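A.B. asks: I'd like to ask you about the structure that follows.
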Amino acid sequence: MEELKTNEYLRGIVMNLPTSPGIYQYLNAEGTIIYVGKAKNLKRRVYSYFSKDHHSAKTRILVSRIADIRYIVVNTEEDALLLENNLIKKYKPRYNVLLKDDKSYPSICVSNEYFPRVFKTRKIVRDGSTYFGPYTHFPSMQAMLDLIKKLYPLRTCHLALTPENIQAGKFRVCLEYHIKNCKGPCIGAQSHEEYMANIASIKELLKGNTQKVSQGMMQEMMRLADEMRFEEAQLIKEKYELIENYRSKSEVVSSVLHNIDVFSIEDDEQSAYINYLHITNGCINQAFTFEYKKRLEETKEELLEMGIVEMRERYKSQSKEIIVPFELDLEMEGVTFTIPQRGDKKHLLELSILNVKQYKVDRLKQAEKLNPEQRSVRLLKEIQEQLHMDKMPLHIECFDNSNIQGADAVAACVVFKKGRPSKQDYRKYIIKTVVGPDDYASMQEVVRRRYTRILEEQGELPDLILTDGGKGQMEVVRQVIEDELSLHIPIAGLAKDNKHRTSEILFGFPPRNIGLKQGTPLFHLLENIQNEVHRFAITFHRDKRSKSQIASALDGIKGVGKMRKEALLKHFKSVARIKKASLEELAEVVGMSVAQTIKETL
């Protein structure tokens, strides 16, 4: 009855919602906000939660826990995005995506003092100081600080350099003054006007306006040269060259590109990773990659829209152009969204994508160190995607033959479960029906025996079969699996080069090279499976060959049974030494009559 009342109450709210843009908030029975969302059309968006069955179990649970709905109407979709972002940060609703931003990245601070200091910090203090960053790439930040130090000697002390204290002569110069890293504002050796002019130039550099600063230096250098002040002009020239050298290393595109934001996104089942670049005068002035932890069935488009709002608000970006990898259903006043196809803007997008992919790999590696099984699952997921398989290959089996000109022909099957060898499931096979060196026929015999028995015993069939060989081996396995046994198991071939190293992975009929890059973790996994089955088959073949060689020498000798054969081998260690032994030495182990028989036979 209570549930019915709740449904009627919610229905009344939903049916009376406005059709304008806005924010909606879902509350549970305790009055806690559990979800915040934005919408171009509030009524249509909220109605969709209650009017259809949802594939995601999490979404179904969310809907079942909604006891009340609140909403806020705004003028534009951009306002809705900003408000949604702020409300999520404020209330941290359980079912909203979680911004994983627990790292404290350093920034460069220009302190709010009479003679400001410039230094790196991880702590933001709202005291009027100006902060530039955060910097996710520490070497880039350090390069900027080194450039500033060479261009503009600034104080590094923590003294209270007020006009009154300086006039009262309270300070003495330190070592930094004597080694010319500071011009001594503490004793009045540097004017406040000159110092603040340097600070203004530093702020321009930190904003990315390196071209503006270098142009100003060029003009000053020319003016000094015209006035015949060549020594001063030389000092300016050295600083100008420092900036130009820095620009040449940091410039990534044409300097015509100015005040542009670039965004790209990568995701997996649990998380979305978003990279942000800000371009000023052709240089990357800001670079940041962060992670959203997914909660419901958020699309890449929705997550990227949230990321754009988050980053532009964080960095106070006023860029009029935003480069994105795909079309977004997002409108921002005075802002153009670009999906570049070529040229410098395309280069910027590719650079952003490269960064976000690297960040994703790094995060996965960190997680895999804590949970090694996660790495195996990821690689198996990659195999599934590369081979377009219906299910993940948690159970893989690989076959190999071994013989010398058909003699002592054997075969082996190794089993990998969840990417790891399952040695208790390994199997050895002595070839029974094939005479002579026929690898194809041997492979068919082993595969037929293996899966006929599994079917009879109702055992576990593999998700993927690997053959140690190319197209020919794949085809003979397919004939047994599909034509004879009517099974539908994907088959892949691991071909080797002339140096007996795994060179390519074949899949499909007709087989084609799926183009896995050598050296990647996925390639190494398949290579390890191939090496393991080869090792297992060779070891079995050597054991069998050794036993057959021993058997051919001692078996069949009249009077030499199992016990006497073992005694002879234990005493003499090998058949060769048995042959060289004297009659008396043999007689000590097996008696004179049998010793004479052995001597005559060998």
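So you can find residues: chains in the structure tokens are A, B, ... in the order shown, residues in each start at 1, and ligands are numbered from 1 in order.
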Check the DSSP output for the backbone and give back, as JSON, numbers by chain, the residues of range 238-318 of chain A in alpha helix (DSSP H).
C.D. replies: {"A": [238, 239, 240, 241, 242, 243, 244, 245, 246, 247, 248, 249, 250, 300, 301, 302, 303, 304, 305, 306, 307, 308, 309, 310, 311, 312, 313, 314]}
A.B. asks: Excluding Gln318 in chain A and its own-chain neighbours fewer than 4 positions away, which residues fall within 12 Å of it when counting only C-alpha atoms? Please give them as a PDB file with N, CA, C and O atoms, in the first residue's frame.
C.D. replies:
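Output (selection-v5.pdb):
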```pdb
ATOM      1  N   HIS A 258      45.469  29.544 -31.140  1.00  0.00           N
ATOM      2  CA  HIS A 258      45.518  30.248 -29.862  1.00  0.00           C
ATOM      3  C   HIS A 258      44.207  30.063 -29.110  1.00  0.00           C
ATOM      4  O   HIS A 258      43.123  30.138 -29.692  1.00  0.00           O
ATOM      5  N   ASN A 259      44.324  29.824 -27.803  1.00  0.00           N
ATOM      6  CA  ASN A 259      43.175  29.739 -26.907  1.00  0.00           C
ATOM      7  C   ASN A 259      42.175  28.666 -27.374  1.00  0.00           C
ATOM      8  O   ASN A 259      41.020  28.955 -27.667  1.00  0.00           O
ATOM      9  N   ILE A 260      42.669  27.430 -27.432  1.00  0.00           N
ATOM     10  CA  ILE A 260      41.847  26.292 -27.864  1.00  0.00           C
ATOM     11  C   ILE A 260      41.885  25.209 -26.792  1.00  0.00           C
ATOM     12  O   ILE A 260      42.937  24.939 -26.205  1.00  0.00           O
ATOM     13  N   ASP A 261      40.733  24.592 -26.529  1.00  0.00           N
ATOM     14  CA  ASP A 261      40.661  23.429 -25.638  1.00  0.00           C
ATOM     15  C   ASP A 261      40.555  22.158 -26.479  1.00  0.00           C
ATOM     16  O   ASP A 261      39.876  22.146 -27.509  1.00  0.00           O
ATOM     17  N   HIS A 278      45.056  22.493 -23.109  1.00  0.00           N
ATOM     18  CA  HIS A 278      44.730  23.878 -23.445  1.00  0.00           C
ATOM     19  C   HIS A 278      45.898  24.456 -24.243  1.00  0.00           C
ATOM     20  O   HIS A 278      47.051  24.374 -23.820  1.00  0.00           O
ATOM     21  N   ILE A 279      45.590  25.035 -25.391  1.00  0.00           N
ATOM     22  CA  ILE A 279      46.611  25.523 -26.314  1.00  0.00           C
ATOM     23  C   ILE A 279      46.601  27.050 -26.329  1.00  0.00           C
ATOM     24  O   ILE A 279      45.557  27.677 -26.527  1.00  0.00           O
ATOM     25  N   THR A 280      47.777  27.638 -26.113  1.00  0.00           N
ATOM     26  CA  THR A 280      47.937  29.087 -26.205  1.00  0.00           C
ATOM     27  C   THR A 280      49.160  29.372 -27.066  1.00  0.00           C
ATOM     28  O   THR A 280      50.256  28.886 -26.764  1.00  0.00           O
ATOM     29  N   VAL A 309      32.859  20.306 -18.908  1.00  0.00           N
ATOM     30  CA  VAL A 309      32.414  21.301 -17.923  1.00  0.00           C
ATOM     31  C   VAL A 309      33.355  21.333 -16.723  1.00  0.00           C
ATOM     32  O   VAL A 309      33.739  22.405 -16.245  1.00  0.00           O
ATOM     33  N   MET A 311      36.599  20.489 -16.471  1.00  0.00           N
ATOM     34  CA  MET A 311      37.917  21.049 -16.751  1.00  0.00           C
ATOM     35  C   MET A 311      37.855  22.551 -17.049  1.00  0.00           C
ATOM     36  O   MET A 311      38.712  23.315 -16.608  1.00  0.00           O
ATOM     37  N   ARG A 312      36.851  22.985 -17.790  1.00  0.00           N
ATOM     38  CA  ARG A 312      36.754  24.410 -18.115  1.00  0.00           C
ATOM     39  C   ARG A 312      36.484  25.233 -16.853  1.00  0.00           C
ATOM     40  O   ARG A 312      36.977  26.358 -16.728  1.00  0.00           O
ATOM     41  N   GLU A 313      35.728  24.658 -15.924  1.00  0.00           N
ATOM     42  CA  GLU A 313      35.482  25.376 -14.677  1.00  0.00           C
ATOM     43  C   GLU A 313      36.745  25.382 -13.812  1.00  0.00           C
ATOM     44  O   GLU A 313      37.107  26.403 -13.230  1.00  0.00           O
ATOM     45  N   ARG A 314      37.428  24.251 -13.756  1.00  0.00           N
ATOM     46  CA  ARG A 314      38.627  24.148 -12.912  1.00  0.00           C
ATOM     47  C   ARG A 314      39.723  25.098 -13.389  1.00  0.00           C
ATOM     48  O   ARG A 314      40.403  25.737 -12.593  1.00  0.00           O
ATOM     49  N   ILE A 322      36.505  24.325 -29.031  1.00  0.00           N
ATOM     50  CA  ILE A 322      36.807  23.077 -28.330  1.00  0.00           C
ATOM     51  C   ILE A 322      36.924  21.963 -29.374  1.00  0.00           C
ATOM     52  O   ILE A 322      36.000  21.729 -30.148  1.00  0.00           O
ATOM     53  N   MET A 332      27.170  25.427 -26.151  1.00  0.00           N
ATOM     54  CA  MET A 332      27.697  26.394 -25.185  1.00  0.00           C
ATOM     55  C   MET A 332      27.771  27.746 -25.886  1.00  0.00           C
ATOM     56  O   MET A 332      28.278  27.839 -27.015  1.00  0.00           O
ATOM     57  N   GLU A 333      27.288  28.746 -25.240  1.00  0.00           N
ATOM     58  CA  GLU A 333      27.191  30.069 -25.866  1.00  0.00           C
ATOM     59  C   GLU A 333      28.559  30.600 -26.283  1.00  0.00           C
ATOM     60  O   GLU A 333      29.501  30.640 -25.481  1.00  0.00           O
ATOM     61  N   GLY A 334      28.666  30.965 -27.551  1.00  0.00           N
ATOM     62  CA  GLY A 334      29.900  31.554 -28.063  1.00  0.00           C
ATOM     63  C   GLY A 334      31.021  30.557 -28.286  1.00  0.00           C
ATOM     64  O   GLY A 334      32.158  30.951 -28.546  1.00  0.00           O
ATOM     65  N   VAL A 335      30.729  29.249 -28.168  1.00  0.00           N
ATOM     66  CA  VAL A 335      31.771  28.219 -28.296  1.00  0.00           C
ATOM     67  C   VAL A 335      31.488  27.346 -29.510  1.00  0.00           C
ATOM     68  O   VAL A 335      30.360  26.926 -29.740  1.00  0.00           O
ATOM     69  N   THR A 336      32.538  27.067 -30.302  1.00  0.00           N
ATOM     70  CA  THR A 336      32.430  26.204 -31.478  1.00  0.00           C
ATOM     71  C   THR A 336      33.078  24.858 -31.175  1.00  0.00           C
ATOM     72  O   THR A 336      34.209  24.806 -30.674  1.00  0.00           O
TER      73      THR A 336
END
```
A.B. asks: When you count only C-alpha atoms, which of these residues is closest to Ser271 in chain A: A:Ala189, A:Ile481, A:Val97, A:Ala29?
C.D. replies: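 Looking at the shortest contact to Ser271 in chain A, the residue is A:Val97.
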A.B. asks: Identify, on the basis of only C-alpha atoms, every residue whose closest approach to Lys391 in chain A does not exceed 12 Å; exclude the query and any residue fewer than 3 positions from it along the same chain; express the result as a list in words.
C.D. replies: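 Within the cut-off, the hits are Leu380, Lys381, Glu382, Ile383, Gln384, Glu385, Gln386, Leu387, His388, Leu394, His395, Pro462, Asp463, Leu464, Ile489 and Pro490 of chain A.
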A.B. asks: For the residues in the current selection, export N, CA, C and O atoms as a CSV table (one decimal), in the first residue's frame.
C.D. replies:
```csv
chain,number,residue,atom,x,y,z
A,380,LEU,N,42.6,-11.6,-22.0
A,380,LEU,CA,41.6,-12.5,-22.6
A,380,LEU,C,40.5,-11.7,-23.2
A,380,LEU,O,40.0,-12.1,-24.3
A,381,LYS,N,40.2,-10.6,-22.6
A,381,LYS,CA,39.2,-9.7,-23.2
A,381,LYS,C,39.7,-9.1,-24.6
A,381,LYS,O,38.9,-9.0,-25.5
A,382,GLU,N,41.0,-8.8,-24.6
A,382,GLU,CA,41.6,-8.4,-25.9
A,382,GLU,C,41.5,-9.4,-26.9
A,382,GLU,O,41.2,-9.1,-28.1
A,383,ILE,N,41.8,-10.7,-26.6
A,383,ILE,CA,41.7,-11.8,-27.5
A,383,ILE,C,40.3,-11.9,-28.1
A,383,ILE,O,40.1,-12.1,-29.3
A,384,GLN,N,39.3,-11.8,-27.2
A,384,GLN,CA,37.9,-11.9,-27.6
A,384,GLN,C,37.6,-10.8,-28.6
A,384,GLN,O,36.9,-11.0,-29.6
A,385,GLU,N,38.1,-9.6,-28.3
A,385,GLU,CA,37.8,-8.5,-29.2
A,385,GLU,C,38.5,-8.6,-30.6
A,385,GLU,O,38.0,-8.4,-31.6
A,386,GLN,N,39.8,-9.0,-30.5
A,386,GLN,CA,40.6,-9.2,-31.7
A,386,GLN,C,40.0,-10.3,-32.6
A,386,GLN,O,40.0,-10.1,-33.9
A,387,LEU,N,39.5,-11.4,-32.0
A,387,LEU,CA,39.0,-12.5,-32.8
A,387,LEU,C,37.5,-12.4,-33.0
A,387,LEU,O,36.9,-13.3,-33.6
A,388,HIS,N,36.9,-11.4,-32.5
A,388,HIS,CA,35.4,-11.2,-32.6
A,388,HIS,C,34.7,-12.4,-32.1
A,388,HIS,O,33.8,-13.0,-32.7
A,394,LEU,N,38.3,-18.0,-21.6
A,394,LEU,CA,38.8,-18.4,-20.3
A,394,LEU,C,39.5,-19.7,-20.3
A,394,LEU,O,40.4,-20.0,-19.4
A,395,HIS,N,39.1,-20.6,-21.2
A,395,HIS,CA,39.7,-21.9,-21.3
A,395,HIS,C,40.3,-22.1,-22.7
A,395,HIS,O,39.6,-22.1,-23.7
A,462,PRO,N,36.9,-26.4,-24.6
A,462,PRO,CA,37.6,-25.1,-24.5
A,462,PRO,C,36.8,-24.0,-25.3
A,462,PRO,O,36.0,-24.3,-26.1
A,463,ASP,N,37.2,-22.8,-24.9
A,463,ASP,CA,36.6,-21.6,-25.6
A,463,ASP,C,37.4,-21.3,-26.9
A,463,ASP,O,36.9,-20.6,-27.8
A,464,LEU,N,38.7,-21.8,-26.9
A,464,LEU,CA,39.5,-21.5,-28.1
A,464,LEU,C,40.6,-22.6,-28.2
A,464,LEU,O,41.1,-23.0,-27.2
A,489,ILE,N,34.0,-24.5,-32.1
A,489,ILE,CA,35.0,-24.0,-31.2
A,489,ILE,C,36.0,-23.1,-32.1
A,489,ILE,O,36.5,-23.6,-33.1
A,490,PRO,N,36.2,-21.9,-31.8
A,490,PRO,CA,37.1,-21.0,-32.6
A,490,PRO,C,38.5,-21.6,-32.6
A,490,PRO,O,39.0,-22.2,-31.6
```
A.B. asks: Would you mind reading off the distance between CA of His571 in chain A and CA of Ser593 in chain A, one decimal, in Å?
C.D. replies: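 One can read the CA of His571 in chain A to CA of Ser593 in chain A distance as 18.1 Å.
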A.B. asks: Which residues are close to Ile23 in chain A, i.e. within 9 Å by only C-alpha atoms, leaving aside same-chain residues fewer than 4 positions away? Reply as a list of chain:residue names.
C.D. replies: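 Once the nearby chain positions are removed, what remains is A:Val36, A:Gly37, A:Lys38, A:Ala39, A:Leu42, A:Arg70, A:Tyr71, A:Ile72, A:Val73, A:Val74, A:Ala80, A:Leu81, A:Leu83, A:Glu84.
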A.B. asks: Would you mind listing what lies within 7 Å of range 297-304 of chain A as an NGL selection string, with only C-alpha atoms counted and same-chain residues fewer than 6 positions away left out?
C.D. replies: :A and (56 or 265 or 328)
A.B. asks: Return as a ChimeraX atom specification the full set of residues in range 216-403 of chain A whose backbone-based DSSP assignment is strand (DSSP E or B).
C.D. replies: /A:251,260-267,271-280,283-293,321-323,336-338,395-403
A.B. asks: Could you pull the residues within 10 Å of Phe536 in chain A, counting only C-alpha atoms, minus those fewer than 3 positions along the same chain, as a list in words?
C.D. replies: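 Answer for this query is Phe399, Asp400, Ser402, Ala411, Ala412, Cys413, Val414, Tyr426, Arg427, Lys428, Asn531, Glu532, Val533, Thr539, Phe540 and His541 of chain A.
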A.B. asks: May I have the selected residues written with N, CA, C and O atoms, as a PDB file, in the first residue's frame?
C.D. replies:
```pdb
ATOM      1  N   PHE A 399      47.816 -27.524 -29.110  1.00  0.00           N
ATOM      2  CA  PHE A 399      48.360 -28.841 -29.475  1.00  0.00           C
ATOM      3  C   PHE A 399      49.688 -28.695 -30.209  1.00  0.00           C
ATOM      4  O   PHE A 399      49.927 -27.716 -30.918  1.00  0.00           O
ATOM      5  N   ASP A 400      50.552 -29.735 -30.058  1.00  0.00           N
ATOM      6  CA  ASP A 400      51.815 -29.786 -30.810  1.00  0.00           C
ATOM      7  C   ASP A 400      52.234 -31.240 -30.985  1.00  0.00           C
ATOM      8  O   ASP A 400      51.955 -32.090 -30.130  1.00  0.00           O
ATOM      9  N   SER A 402      55.506 -34.091 -31.993  1.00  0.00           N
ATOM     10  CA  SER A 402      56.961 -34.211 -31.940  1.00  0.00           C
ATOM     11  C   SER A 402      57.363 -35.611 -32.388  1.00  0.00           C
ATOM     12  O   SER A 402      56.824 -36.611 -31.897  1.00  0.00           O
ATOM     13  N   ALA A 411      52.393 -36.504 -29.196  1.00  0.00           N
ATOM     14  CA  ALA A 411      51.760 -35.195 -29.268  1.00  0.00           C
ATOM     15  C   ALA A 411      51.424 -34.756 -27.847  1.00  0.00           C
ATOM     16  O   ALA A 411      51.434 -35.570 -26.910  1.00  0.00           O
ATOM     17  N   ALA A 412      51.154 -33.450 -27.695  1.00  0.00           N
ATOM     18  CA  ALA A 412      50.849 -32.911 -26.370  1.00  0.00           C
ATOM     19  C   ALA A 412      49.747 -31.872 -26.470  1.00  0.00           C
ATOM     20  O   ALA A 412      49.574 -31.214 -27.498  1.00  0.00           O
ATOM     21  N   CYS A 413      49.007 -31.759 -25.387  1.00  0.00           N
ATOM     22  CA  CYS A 413      47.974 -30.738 -25.271  1.00  0.00           C
ATOM     23  C   CYS A 413      48.179 -30.004 -23.949  1.00  0.00           C
ATOM     24  O   CYS A 413      48.238 -30.645 -22.891  1.00  0.00           O
ATOM     25  N   VAL A 414      48.331 -28.673 -24.015  1.00  0.00           N
ATOM     26  CA  VAL A 414      48.419 -27.885 -22.784  1.00  0.00           C
ATOM     27  C   VAL A 414      47.138 -27.072 -22.637  1.00  0.00           C
ATOM     28  O   VAL A 414      46.503 -26.693 -23.624  1.00  0.00           O
ATOM     29  N   TYR A 426      47.008 -30.927 -18.429  1.00  0.00           N
ATOM     30  CA  TYR A 426      47.878 -31.242 -19.564  1.00  0.00           C
ATOM     31  C   TYR A 426      47.700 -32.731 -19.929  1.00  0.00           C
ATOM     32  O   TYR A 426      47.473 -33.571 -19.049  1.00  0.00           O
ATOM     33  N   ARG A 427      47.841 -33.057 -21.208  1.00  0.00           N
ATOM     34  CA  ARG A 427      47.728 -34.451 -21.648  1.00  0.00           C
ATOM     35  C   ARG A 427      48.836 -34.802 -22.647  1.00  0.00           C
ATOM     36  O   ARG A 427      49.201 -33.976 -23.498  1.00  0.00           O
ATOM     37  N   LYS A 428      49.350 -36.056 -22.534  1.00  0.00           N
ATOM     38  CA  LYS A 428      50.351 -36.584 -23.468  1.00  0.00           C
ATOM     39  C   LYS A 428      49.697 -37.661 -24.332  1.00  0.00           C
ATOM     40  O   LYS A 428      48.847 -38.407 -23.831  1.00  0.00           O
ATOM     41  N   ASN A 531      55.102 -21.701 -26.672  1.00  0.00           N
ATOM     42  CA  ASN A 531      56.367 -22.211 -26.132  1.00  0.00           C
ATOM     43  C   ASN A 531      56.131 -23.318 -25.109  1.00  0.00           C
ATOM     44  O   ASN A 531      56.885 -24.290 -25.035  1.00  0.00           O
ATOM     45  N   GLU A 532      55.064 -23.177 -24.322  1.00  0.00           N
ATOM     46  CA  GLU A 532      54.755 -24.176 -23.300  1.00  0.00           C
ATOM     47  C   GLU A 532      54.358 -25.513 -23.921  1.00  0.00           C
ATOM     48  O   GLU A 532      54.822 -26.572 -23.479  1.00  0.00           O
ATOM     49  N   VAL A 533      53.525 -25.499 -24.961  1.00  0.00           N
ATOM     50  CA  VAL A 533      53.116 -26.766 -25.574  1.00  0.00           C
ATOM     51  C   VAL A 533      54.305 -27.411 -26.287  1.00  0.00           C
ATOM     52  O   VAL A 533      54.452 -28.643 -26.286  1.00  0.00           O
ATOM     53  N   THR A 539      59.679 -32.572 -24.273  1.00  0.00           N
ATOM     54  CA  THR A 539      60.091 -33.310 -23.072  1.00  0.00           C
ATOM     55  C   THR A 539      59.534 -34.730 -23.091  1.00  0.00           C
ATOM     56  O   THR A 539      60.244 -35.701 -22.802  1.00  0.00           O
ATOM     57  N   PHE A 540      58.260 -34.848 -23.462  1.00  0.00           N
ATOM     58  CA  PHE A 540      57.638 -36.171 -23.540  1.00  0.00           C
ATOM     59  C   PHE A 540      58.316 -37.034 -24.601  1.00  0.00           C
ATOM     60  O   PHE A 540      58.588 -38.221 -24.397  1.00  0.00           O
ATOM     61  N   HIS A 541      58.628 -36.411 -25.751  1.00  0.00           N
ATOM     62  CA  HIS A 541      59.267 -37.153 -26.840  1.00  0.00           C
ATOM     63  C   HIS A 541      60.653 -37.644 -26.430  1.00  0.00           C
ATOM     64  O   HIS A 541      61.030 -38.799 -26.706  1.00  0.00           O
TER      65      HIS A 541
END
```
A.B. asks: Tell me which protein, DNA and RNA residues are within 9 Å of range 170-175 of chain A, counting only C-alpha atoms, leaving out same-chain ones fewer than 6 positions away, and put them as a PyMOL selection string.
C.D. replies: chain A and resi 157+159+161+181-182+184-187
